[in-house]
Amino acid sequence: MHIVGFEEEHFEFPPVDKADSEGLILIGGKLTPAKVLEAYKKGIFPWYNDDEPILWWSPDPRFVLCSQALHISRSMQKVLRQQTFTFKMNTAFEDVIHACKTINRDGQPGTWITNEMKKVYTDLFHQGYGFSAEAWKGDELVGGIYGVKIGNMYYGESMFSRQTNASKFAFISFIESQKKNGLAVLDCQLHTPHVESLGGQFISRKKFIQLVEQLTKDEYTTYS
């Protein structure tokens, strides 16, 4: 694990095998859109709280969902058939990230989405890298997920739900709609029972890095 100047913009990420047992690989540096993209393409992601320096992680194993392994339960199949929600993509990115930042979650006193992180990921959206999957009920945004796509990998950051199954609907609809465009893997970073129920699984960091190198070669793959 390495430490760099907390406002240093031009720093180097160490090899991922230098991470500690929890996956922490570097402390410090400045969060910028370019550094976030560089980190993702090296199998690293930022995750920290407001009162901390920027913490960069590369855990082993890594929790991912392969699009071909997506599991849709009978109850969710029913939700999809009934058209309870309407799926949209990239129509409300800033609203999705704001909801992920502010919505109350059981057992969590706050959120790790700092104002700094919100700005950087919004900038990535305007640069064509940030993608939001959204569940709408009429004119109301009731669930969604935001993240970054590079080539045929989607790096999921956070999701929210204001109605039961809304975030699952957005997640499933995004994967199903993008398989035809080559979407292969969603990086979920850390384990959650929510994503595990949809087919998420652990893979080794070595395997994850191999997938990153393979799937992000053409970082301008278009999703529509």
# chains A, B, ... in the order shown; residues from 1 in each chain; ligands from 1
$ closest_atom_pairs --of "region 85-141 of chain A" --to "region 55-79 of chain A" --cutoff "12 Å" --atoms "only C-alpha atoms" --output "JSON lines"
{"residue": "A:Phe85", "atom": "CA", "partner": "A:Val79", "partner_atom": "CA", "distance": 8.1}
{"residue": "A:Thr86", "atom": "CA", "partner": "A:Val79", "partner_atom": "CA", "distance": 10.9}
{"residue": "A:Trp112", "atom": "CA", "partner": "A:Leu55", "partner_atom": "CA", "distance": 11.3}
{"residue": "A:Ala135", "atom": "CA", "partner": "A:Val79", "partner_atom": "CA", "distance": 11.9}
$ residues_around --residues "Thr91 (chain A)" --least-positions-apart "2" --cutoff "10 Å" --atoms "only C-alpha atoms" --output "mmCIF file with N, CA and C atoms, in the first residue's frame"
data_model
loop_
_atom_site.group_PDB
_atom_site.id
_atom_site.type_symbol
_atom_site.label_atom_id
_atom_site.label_comp_id
_atom_site.auth_asym_id
_atom_site.auth_seq_id
_atom_site.Cartn_x
_atom_site.Cartn_y
_atom_site.Cartn_z
ATOM 1 N N LYS A 88 -35.493 3.590 -18.686
ATOM 2 C CA LYS A 88 -34.835 4.618 -19.486
ATOM 3 C C LYS A 88 -33.351 4.615 -19.135
ATOM 4 N N MET A 89 -32.544 5.155 -20.029
ATOM 5 C CA MET A 89 -31.109 5.210 -19.801
ATOM 6 C C MET A 89 -30.593 6.603 -20.116
ATOM 7 N N PHE A 93 -29.145 11.293 -15.277
ATOM 8 C CA PHE A 93 -27.933 10.832 -14.585
ATOM 9 C C PHE A 93 -27.707 11.589 -13.276
ATOM 10 N N GLU A 94 -27.801 12.906 -13.324
ATOM 11 C CA GLU A 94 -27.522 13.693 -12.125
ATOM 12 C C GLU A 94 -28.561 13.443 -11.037
ATOM 13 N N ASP A 95 -29.805 13.182 -11.428
ATOM 14 C CA ASP A 95 -30.836 12.860 -10.442
ATOM 15 C C ASP A 95 -30.574 11.500 -9.806
ATOM 16 N N VAL A 96 -30.084 10.554 -10.602
ATOM 17 C CA VAL A 96 -29.780 9.224 -10.071
ATOM 18 C C VAL A 96 -28.643 9.297 -9.058
ATOM 19 N N PHE A 131 -22.946 6.374 -17.162
ATOM 20 C CA PHE A 131 -24.215 5.834 -17.645
ATOM 21 C C PHE A 131 -25.145 5.576 -16.475
ATOM 22 N N SER A 132 -26.395 6.002 -16.631
ATOM 23 C CA SER A 132 -27.409 5.711 -15.616
ATOM 24 C C SER A 132 -28.500 4.832 -16.224
ATOM 25 N N ALA A 133 -28.912 3.834 -15.451
ATOM 26 C CA ALA A 133 -30.064 2.998 -15.795
ATOM 27 C C ALA A 133 -31.177 3.384 -14.838
ATOM 28 N N GLU A 134 -32.361 3.657 -15.370
ATOM 29 C CA GLU A 134 -33.401 4.301 -14.571
ATOM 30 C C GLU A 134 -34.728 3.549 -14.632
#
$ residues_around --residues "region 27-40 of chain A" --least-positions-apart "2" --cutoff "8 Å" --atoms "only C-alpha atoms" --output "short mmCIF file (atom, residue, chain, number, x, y, z; two decimals) with C-alpha atoms, in the first residue's frame"
data_model
loop_
_atom_site.label_atom_id
_atom_site.label_comp_id
_atom_site.auth_asym_id
_atom_site.auth_seq_id
_atom_site.Cartn_x
_atom_site.Cartn_y
_atom_site.Cartn_z
CA MET A 1 0.00 0.00 0.00
CA HIS A 2 1.37 3.42 -1.04
CA ILE A 3 0.78 7.01 0.10
CA VAL A 4 1.00 10.06 -2.16
CA GLY A 5 0.36 13.78 -1.67
CA PHE A 6 -3.32 14.36 -0.95
CA GLU A 7 -3.70 16.97 -3.69
CA GLU A 8 -1.21 15.44 -6.09
CA GLU A 9 -2.73 15.16 -9.57
CA HIS A 10 0.07 13.40 -11.41
CA PHE A 11 0.78 10.22 -9.49
CA PHE A 13 -0.80 3.64 -9.31
CA LEU A 24 -6.30 -0.96 -0.17
CA ILE A 25 -3.58 -0.06 -2.64
CA LYS A 42 -5.98 -1.00 -13.95
CA GLY A 43 -8.58 -2.81 -11.81
CA ILE A 44 -8.66 -0.07 -9.13
CA PHE A 45 -11.51 2.09 -7.81
CA PRO A 46 -11.89 5.00 -5.34
CA PRO A 53 -8.15 11.21 2.10
CA ILE A 54 -8.95 9.46 -1.16
CA LEU A 55 -8.60 5.70 -0.75
CA TRP A 56 -7.98 3.52 -3.82
CA GLU A 116 -16.21 15.66 -4.87
CA MET A 117 -17.15 12.21 -6.16
CA VAL A 120 -16.25 13.85 -10.96
CA TYR A 121 -18.79 11.22 -12.01
CA ASP A 123 -18.15 15.17 -15.44
CA LEU A 124 -17.57 11.60 -16.67
CA TYR A 155 -18.34 -0.30 -13.50
#
$ closest_residue --among "A:Asp218, A:Glu176, A:Asp20, A:Glu140" --to "Leu80 (chain A)" --atoms "only C-alpha atoms"
A:Glu176
$ atom_distance --atom1 "CA of Val16 (chain A)" --atom2 "CA of Asn152 (chain A)"
21.4 Å
$ closest_residue --among "A:Thr84, A:Met159, A:Asn49, A:Ile209" --to "Gly138 (chain A)" --atoms "only C-alpha atoms"
A:Thr84
$ atom_distance --atom1 "CA of Leu190 (chain A)" --atom2 "CA of Gly128 (chain A)"
24.8 Å
$ closest_residue --among "A:Phe87, A:Leu26, A:Tyr154, A:Ser167" --to "Lys137 (chain A)" --atoms "only C-alpha atoms"
A:Phe87
$ closest_residue --among "A:Tyr129, A:Phe160, A:Tyr48, A:Phe169" --to "His98 (chain A)" --atoms "only C-alpha atoms"
A:Phe160
$ select_by_dssp --residues "region 25-176 of chain A" --states "strand (DSSP E or B)" --output "VMD selection string"
chain A and resid 25 to 27 45 to 46 55 to 57 62 to 66 86 to 89 105 108 130 to 137 140 to 150 153 to 161
$ write_last_selection --atoms "N, CA and C atoms" --output "short mmCIF file (atom, residue, chain, number, x, y, z; two decimals), in the first residue's frame"
data_model
loop_
_atom_site.label_atom_id
_atom_site.label_comp_id
_atom_site.auth_asym_id
_atom_site.auth_seq_id
_atom_site.Cartn_x
_atom_site.Cartn_y
_atom_site.Cartn_z
N ILE A 25 -4.83 -0.08 -1.88
CA ILE A 25 -3.58 -0.06 -2.64
C ILE A 25 -2.88 1.29 -2.59
N LEU A 26 -3.65 2.38 -2.38
CA LEU A 26 -3.03 3.71 -2.39
C LEU A 26 -3.90 4.68 -1.60
N ILE A 27 -3.25 5.59 -0.89
CA ILE A 27 -3.93 6.65 -0.15
C ILE A 27 -3.46 7.99 -0.69
N PHE A 45 -10.40 1.14 -7.92
CA PHE A 45 -11.51 2.09 -7.81
C PHE A 45 -11.37 2.92 -6.54
N PRO A 46 -11.93 4.16 -6.54
CA PRO A 46 -11.89 5.00 -5.34
C PRO A 46 -13.09 4.73 -4.44
N LEU A 55 -9.09 7.07 -0.91
CA LEU A 55 -8.60 5.70 -0.75
C LEU A 55 -8.88 4.95 -2.05
N TRP A 56 -7.87 4.26 -2.57
CA TRP A 56 -7.98 3.52 -3.82
C TRP A 56 -7.85 2.02 -3.52
N TRP A 57 -8.73 1.22 -4.14
CA TRP A 57 -8.86 -0.19 -3.78
C TRP A 57 -8.75 -1.12 -4.98
N ARG A 62 -12.70 -10.27 -6.50
CA ARG A 62 -13.52 -9.17 -6.98
C ARG A 62 -14.93 -9.70 -7.23
N PHE A 63 -15.94 -8.89 -6.94
CA PHE A 63 -17.33 -9.31 -7.14
C PHE A 63 -17.85 -8.74 -8.45
N VAL A 64 -18.28 -9.59 -9.35
CA VAL A 64 -18.71 -9.17 -10.68
C VAL A 64 -20.00 -9.89 -11.06
N LEU A 65 -20.62 -9.40 -12.11
CA LEU A 65 -21.75 -10.11 -12.71
C LEU A 65 -21.51 -10.18 -14.22
N CYS A 66 -21.40 -11.38 -14.74
CA CYS A 66 -21.28 -11.57 -16.18
C CYS A 66 -22.67 -11.50 -16.79
N THR A 86 -41.10 1.74 -16.15
CA THR A 86 -40.57 2.02 -17.48
C THR A 86 -39.07 2.20 -17.38
N PHE A 87 -38.33 1.57 -18.28
CA PHE A 87 -36.88 1.66 -18.27
C PHE A 87 -36.41 2.78 -19.19
N LYS A 88 -35.49 3.59 -18.69
CA LYS A 88 -34.83 4.62 -19.49
C LYS A 88 -33.35 4.61 -19.14
N MET A 89 -32.54 5.16 -20.03
CA MET A 89 -31.11 5.21 -19.80
C MET A 89 -30.59 6.60 -20.12
N ARG A 105 -30.74 4.63 3.91
CA ARG A 105 -30.59 3.19 3.78
C ARG A 105 -30.58 2.57 5.17
N GLN A 108 -27.39 2.19 7.63
CA GLN A 108 -26.28 3.02 7.17
C GLN A 108 -26.52 4.47 7.58
N GLY A 130 -20.08 8.17 -18.22
CA GLY A 130 -21.05 7.88 -17.17
C GLY A 130 -22.37 7.42 -17.76
N PHE A 131 -22.95 6.37 -17.16
CA PHE A 131 -24.22 5.83 -17.64
C PHE A 131 -25.14 5.58 -16.48
N SER A 132 -26.39 6.00 -16.63
CA SER A 132 -27.41 5.71 -15.62
C SER A 132 -28.50 4.83 -16.22
N ALA A 133 -28.91 3.83 -15.45
CA ALA A 133 -30.06 3.00 -15.79
C ALA A 133 -31.18 3.38 -14.84
N GLU A 134 -32.36 3.66 -15.37
CA GLU A 134 -33.40 4.30 -14.57
C GLU A 134 -34.73 3.55 -14.63
N ALA A 135 -35.39 3.48 -13.49
CA ALA A 135 -36.75 2.93 -13.40
C ALA A 135 -37.70 4.10 -13.14
N TRP A 136 -38.66 4.24 -14.02
CA TRP A 136 -39.64 5.32 -13.90
C TRP A 136 -41.03 4.74 -13.68
N LYS A 137 -41.83 5.44 -12.90
CA LYS A 137 -43.25 5.13 -12.76
C LYS A 137 -44.02 6.39 -13.08
N GLU A 140 -42.23 9.86 -12.38
CA GLU A 140 -41.41 9.81 -11.17
C GLU A 140 -40.25 8.82 -11.34
N LEU A 141 -39.05 9.29 -11.03
CA LEU A 141 -37.86 8.43 -11.00
C LEU A 141 -37.89 7.66 -9.68
N VAL A 142 -38.06 6.35 -9.75
CA VAL A 142 -38.26 5.56 -8.53
C VAL A 142 -37.10 4.61 -8.22
N GLY A 143 -36.15 4.49 -9.13
CA GLY A 143 -35.00 3.63 -8.87
C GLY A 143 -33.97 3.79 -9.97
N GLY A 144 -32.75 3.35 -9.68
CA GLY A 144 -31.74 3.43 -10.72
C GLY A 144 -30.37 3.05 -10.22
N ILE A 145 -29.45 3.02 -11.15
CA ILE A 145 -28.04 2.71 -10.89
C ILE A 145 -27.20 3.63 -11.76
N TYR A 146 -26.06 4.06 -11.23
CA TYR A 146 -25.14 4.83 -12.07
C TYR A 146 -23.77 4.18 -12.02
N GLY A 147 -23.00 4.43 -13.05
CA GLY A 147 -21.66 3.89 -13.13
C GLY A 147 -20.96 4.42 -14.36
N VAL A 148 -19.88 3.76 -14.71
CA VAL A 148 -19.05 4.17 -15.84
C VAL A 148 -18.85 2.98 -16.76
N LYS A 149 -18.96 3.20 -18.06
CA LYS A 149 -18.68 2.13 -18.99
C LYS A 149 -17.43 2.46 -19.79
N ILE A 150 -16.57 1.47 -19.90
CA ILE A 150 -15.39 1.58 -20.75
C ILE A 150 -15.39 0.32 -21.61
N MET A 153 -17.20 -3.19 -20.58
CA MET A 153 -17.32 -3.34 -19.13
C MET A 153 -18.09 -2.17 -18.55
N TYR A 154 -18.94 -2.47 -17.58
CA TYR A 154 -19.67 -1.43 -16.87
C TYR A 154 -19.26 -1.50 -15.41
N TYR A 155 -18.79 -0.38 -14.89
CA TYR A 155 -18.34 -0.30 -13.50
C TYR A 155 -19.47 0.32 -12.68
N GLY A 156 -20.26 -0.52 -12.04
CA GLY A 156 -21.39 -0.03 -11.26
C GLY A 156 -20.93 0.61 -9.97
N GLU A 157 -21.46 1.78 -9.67
CA GLU A 157 -21.05 2.51 -8.47
C GLU A 157 -22.07 2.43 -7.35
N SER A 158 -23.31 2.72 -7.62
CA SER A 158 -24.32 2.72 -6.55
C SER A 158 -25.70 2.64 -7.19
N MET A 159 -26.66 2.17 -6.40
CA MET A 159 -28.04 2.13 -6.86
C MET A 159 -28.97 2.60 -5.74
N PHE A 160 -30.18 2.98 -6.13
CA PHE A 160 -31.16 3.40 -5.13
C PHE A 160 -32.53 2.90 -5.55
N SER A 161 -33.44 2.88 -4.60
CA SER A 161 -34.80 2.44 -4.88
C SER A 161 -35.77 3.18 -3.97
#
$ atom_distance --atom1 "CA of Asp17 (chain A)" --atom2 "CA of Leu211 (chain A)"
16.3 Å
$ closest_residue --among "A:Ser197, A:Gln127, A:Thr122, A:Thr216" --to "Gly182 (chain A)" --atoms "only C-alpha atoms"
A:Thr216
$ closest_residue --among "A:Arg162, A:Lys118, A:Lys168, A:Arg81" --to "Leu198 (chain A)" --atoms "only C-alpha atoms"
A:Lys168
$ select_by_dssp --residues "chain A" --states "alpha helix (DSSP H)" --output "PyMOL selection string"
chain A and resi 33-40+74-82+93-102+115-126+166-178+193-196+205-215
$ write_last_selection --atoms "C-alpha atoms" --output "PDB file, in the first residue's frame"
ATOM      1  CA  PRO A  33     -12.151  12.087 -14.295  1.00  0.00           C
ATOM      2  CA  ALA A  34      -8.887  11.077 -15.984  1.00  0.00           C
ATOM      3  CA  LYS A  35      -7.563   9.383 -12.832  1.00  0.00           C
ATOM      4  CA  VAL A  36     -10.820   7.502 -12.287  1.00  0.00           C
ATOM      5  CA  LEU A  37     -10.714   6.153 -15.846  1.00  0.00           C
ATOM      6  CA  GLU A  38      -7.045   5.219 -15.448  1.00  0.00           C
ATOM      7  CA  ALA A  39      -7.828   3.460 -12.173  1.00  0.00           C
ATOM      8  CA  TYR A  40     -10.690   1.445 -13.642  1.00  0.00           C
ATOM      9  CA  ARG A  74     -39.858 -15.623 -10.966  1.00  0.00           C
ATOM     10  CA  SER A  75     -40.997 -12.627  -8.945  1.00  0.00           C
ATOM     11  CA  MET A  76     -38.877 -10.283 -11.061  1.00  0.00           C
ATOM     12  CA  GLN A  77     -40.074 -11.950 -14.261  1.00  0.00           C
ATOM     13  CA  LYS A  78     -43.575 -11.046 -13.121  1.00  0.00           C
ATOM     14  CA  VAL A  79     -42.558  -7.432 -12.476  1.00  0.00           C
ATOM     15  CA  LEU A  80     -41.055  -7.248 -15.972  1.00  0.00           C
ATOM     16  CA  ARG A  81     -44.146  -8.786 -17.586  1.00  0.00           C
ATOM     17  CA  GLN A  82     -46.524  -6.469 -15.756  1.00  0.00           C
ATOM     18  CA  PHE A  93     -27.933  10.832 -14.585  1.00  0.00           C
ATOM     19  CA  GLU A  94     -27.522  13.693 -12.125  1.00  0.00           C
ATOM     20  CA  ASP A  95     -30.836  12.860 -10.442  1.00  0.00           C
ATOM     21  CA  VAL A  96     -29.780   9.224 -10.071  1.00  0.00           C
ATOM     22  CA  ILE A  97     -26.433  10.048  -8.486  1.00  0.00           C
ATOM     23  CA  HIS A  98     -28.114  12.610  -6.212  1.00  0.00           C
ATOM     24  CA  ALA A  99     -30.640  10.002  -5.076  1.00  0.00           C
ATOM     25  CA  CYS A 100     -27.869   7.464  -4.442  1.00  0.00           C
ATOM     26  CA  LYS A 101     -26.086  10.095  -2.352  1.00  0.00           C
ATOM     27  CA  THR A 102     -29.046  11.246  -0.273  1.00  0.00           C
ATOM     28  CA  ASN A 115     -19.609  16.066  -3.233  1.00  0.00           C
ATOM     29  CA  GLU A 116     -16.206  15.659  -4.874  1.00  0.00           C
ATOM     30  CA  MET A 117     -17.147  12.215  -6.161  1.00  0.00           C
ATOM     31  CA  LYS A 118     -20.547  13.426  -7.368  1.00  0.00           C
ATOM     32  CA  LYS A 119     -18.873  16.161  -9.426  1.00  0.00           C
ATOM     33  CA  VAL A 120     -16.254  13.850 -10.956  1.00  0.00           C
ATOM     34  CA  TYR A 121     -18.789  11.223 -12.011  1.00  0.00           C
ATOM     35  CA  THR A 122     -21.110  13.893 -13.406  1.00  0.00           C
ATOM     36  CA  ASP A 123     -18.145  15.175 -15.441  1.00  0.00           C
ATOM     37  CA  LEU A 124     -17.572  11.598 -16.670  1.00  0.00           C
ATOM     38  CA  PHE A 125     -21.216  11.491 -17.761  1.00  0.00           C
ATOM     39  CA  HIS A 126     -20.779  14.668 -19.797  1.00  0.00           C
ATOM     40  CA  ALA A 166     -37.283  -0.578  -8.765  1.00  0.00           C
ATOM     41  CA  SER A 167     -33.472  -0.795  -8.615  1.00  0.00           C
ATOM     42  CA  LYS A 168     -33.536  -4.485  -9.578  1.00  0.00           C
ATOM     43  CA  PHE A 169     -35.752  -3.602 -12.536  1.00  0.00           C
ATOM     44  CA  ALA A 170     -33.305  -0.917 -13.697  1.00  0.00           C
ATOM     45  CA  PHE A 171     -30.338  -3.255 -13.216  1.00  0.00           C
ATOM     46  CA  ILE A 172     -31.917  -6.168 -15.099  1.00  0.00           C
ATOM     47  CA  SER A 173     -33.295  -3.965 -17.878  1.00  0.00           C
ATOM     48  CA  PHE A 174     -29.914  -2.342 -18.429  1.00  0.00           C
ATOM     49  CA  ILE A 175     -28.143  -5.680 -18.784  1.00  0.00           C
ATOM     50  CA  GLU A 176     -30.809  -7.199 -21.002  1.00  0.00           C
ATOM     51  CA  SER A 177     -30.878  -4.163 -23.283  1.00  0.00           C
ATOM     52  CA  GLN A 178     -27.106  -3.954 -23.619  1.00  0.00           C
ATOM     53  CA  PRO A 193     -26.730 -10.040  -1.374  1.00  0.00           C
ATOM     54  CA  HIS A 194     -28.826  -7.916  -3.755  1.00  0.00           C
ATOM     55  CA  VAL A 195     -26.465  -8.464  -6.697  1.00  0.00           C
ATOM     56  CA  GLU A 196     -25.657 -12.029  -5.684  1.00  0.00           C
ATOM     57  CA  ARG A 205      -8.242 -10.359  -9.013  1.00  0.00           C
ATOM     58  CA  LYS A 206      -5.973 -11.945 -11.612  1.00  0.00           C
ATOM     59  CA  LYS A 207      -8.970 -13.093 -13.649  1.00  0.00           C
ATOM     60  CA  PHE A 208     -10.615  -9.697 -13.213  1.00  0.00           C
ATOM     61  CA  ILE A 209      -7.562  -7.866 -14.554  1.00  0.00           C
ATOM     62  CA  GLN A 210      -7.518 -10.212 -17.559  1.00  0.00           C
ATOM     63  CA  LEU A 211     -11.153  -9.332 -18.256  1.00  0.00           C
ATOM     64  CA  VAL A 212     -10.455  -5.621 -17.895  1.00  0.00           C
ATOM     65  CA  GLU A 213      -7.587  -5.793 -20.384  1.00  0.00           C
ATOM     66  CA  GLN A 214      -9.714  -7.752 -22.830  1.00  0.00           C
ATOM     67  CA  LEU A 215     -12.967  -5.793 -22.567  1.00  0.00           C
TER      68      LEU A 215
END
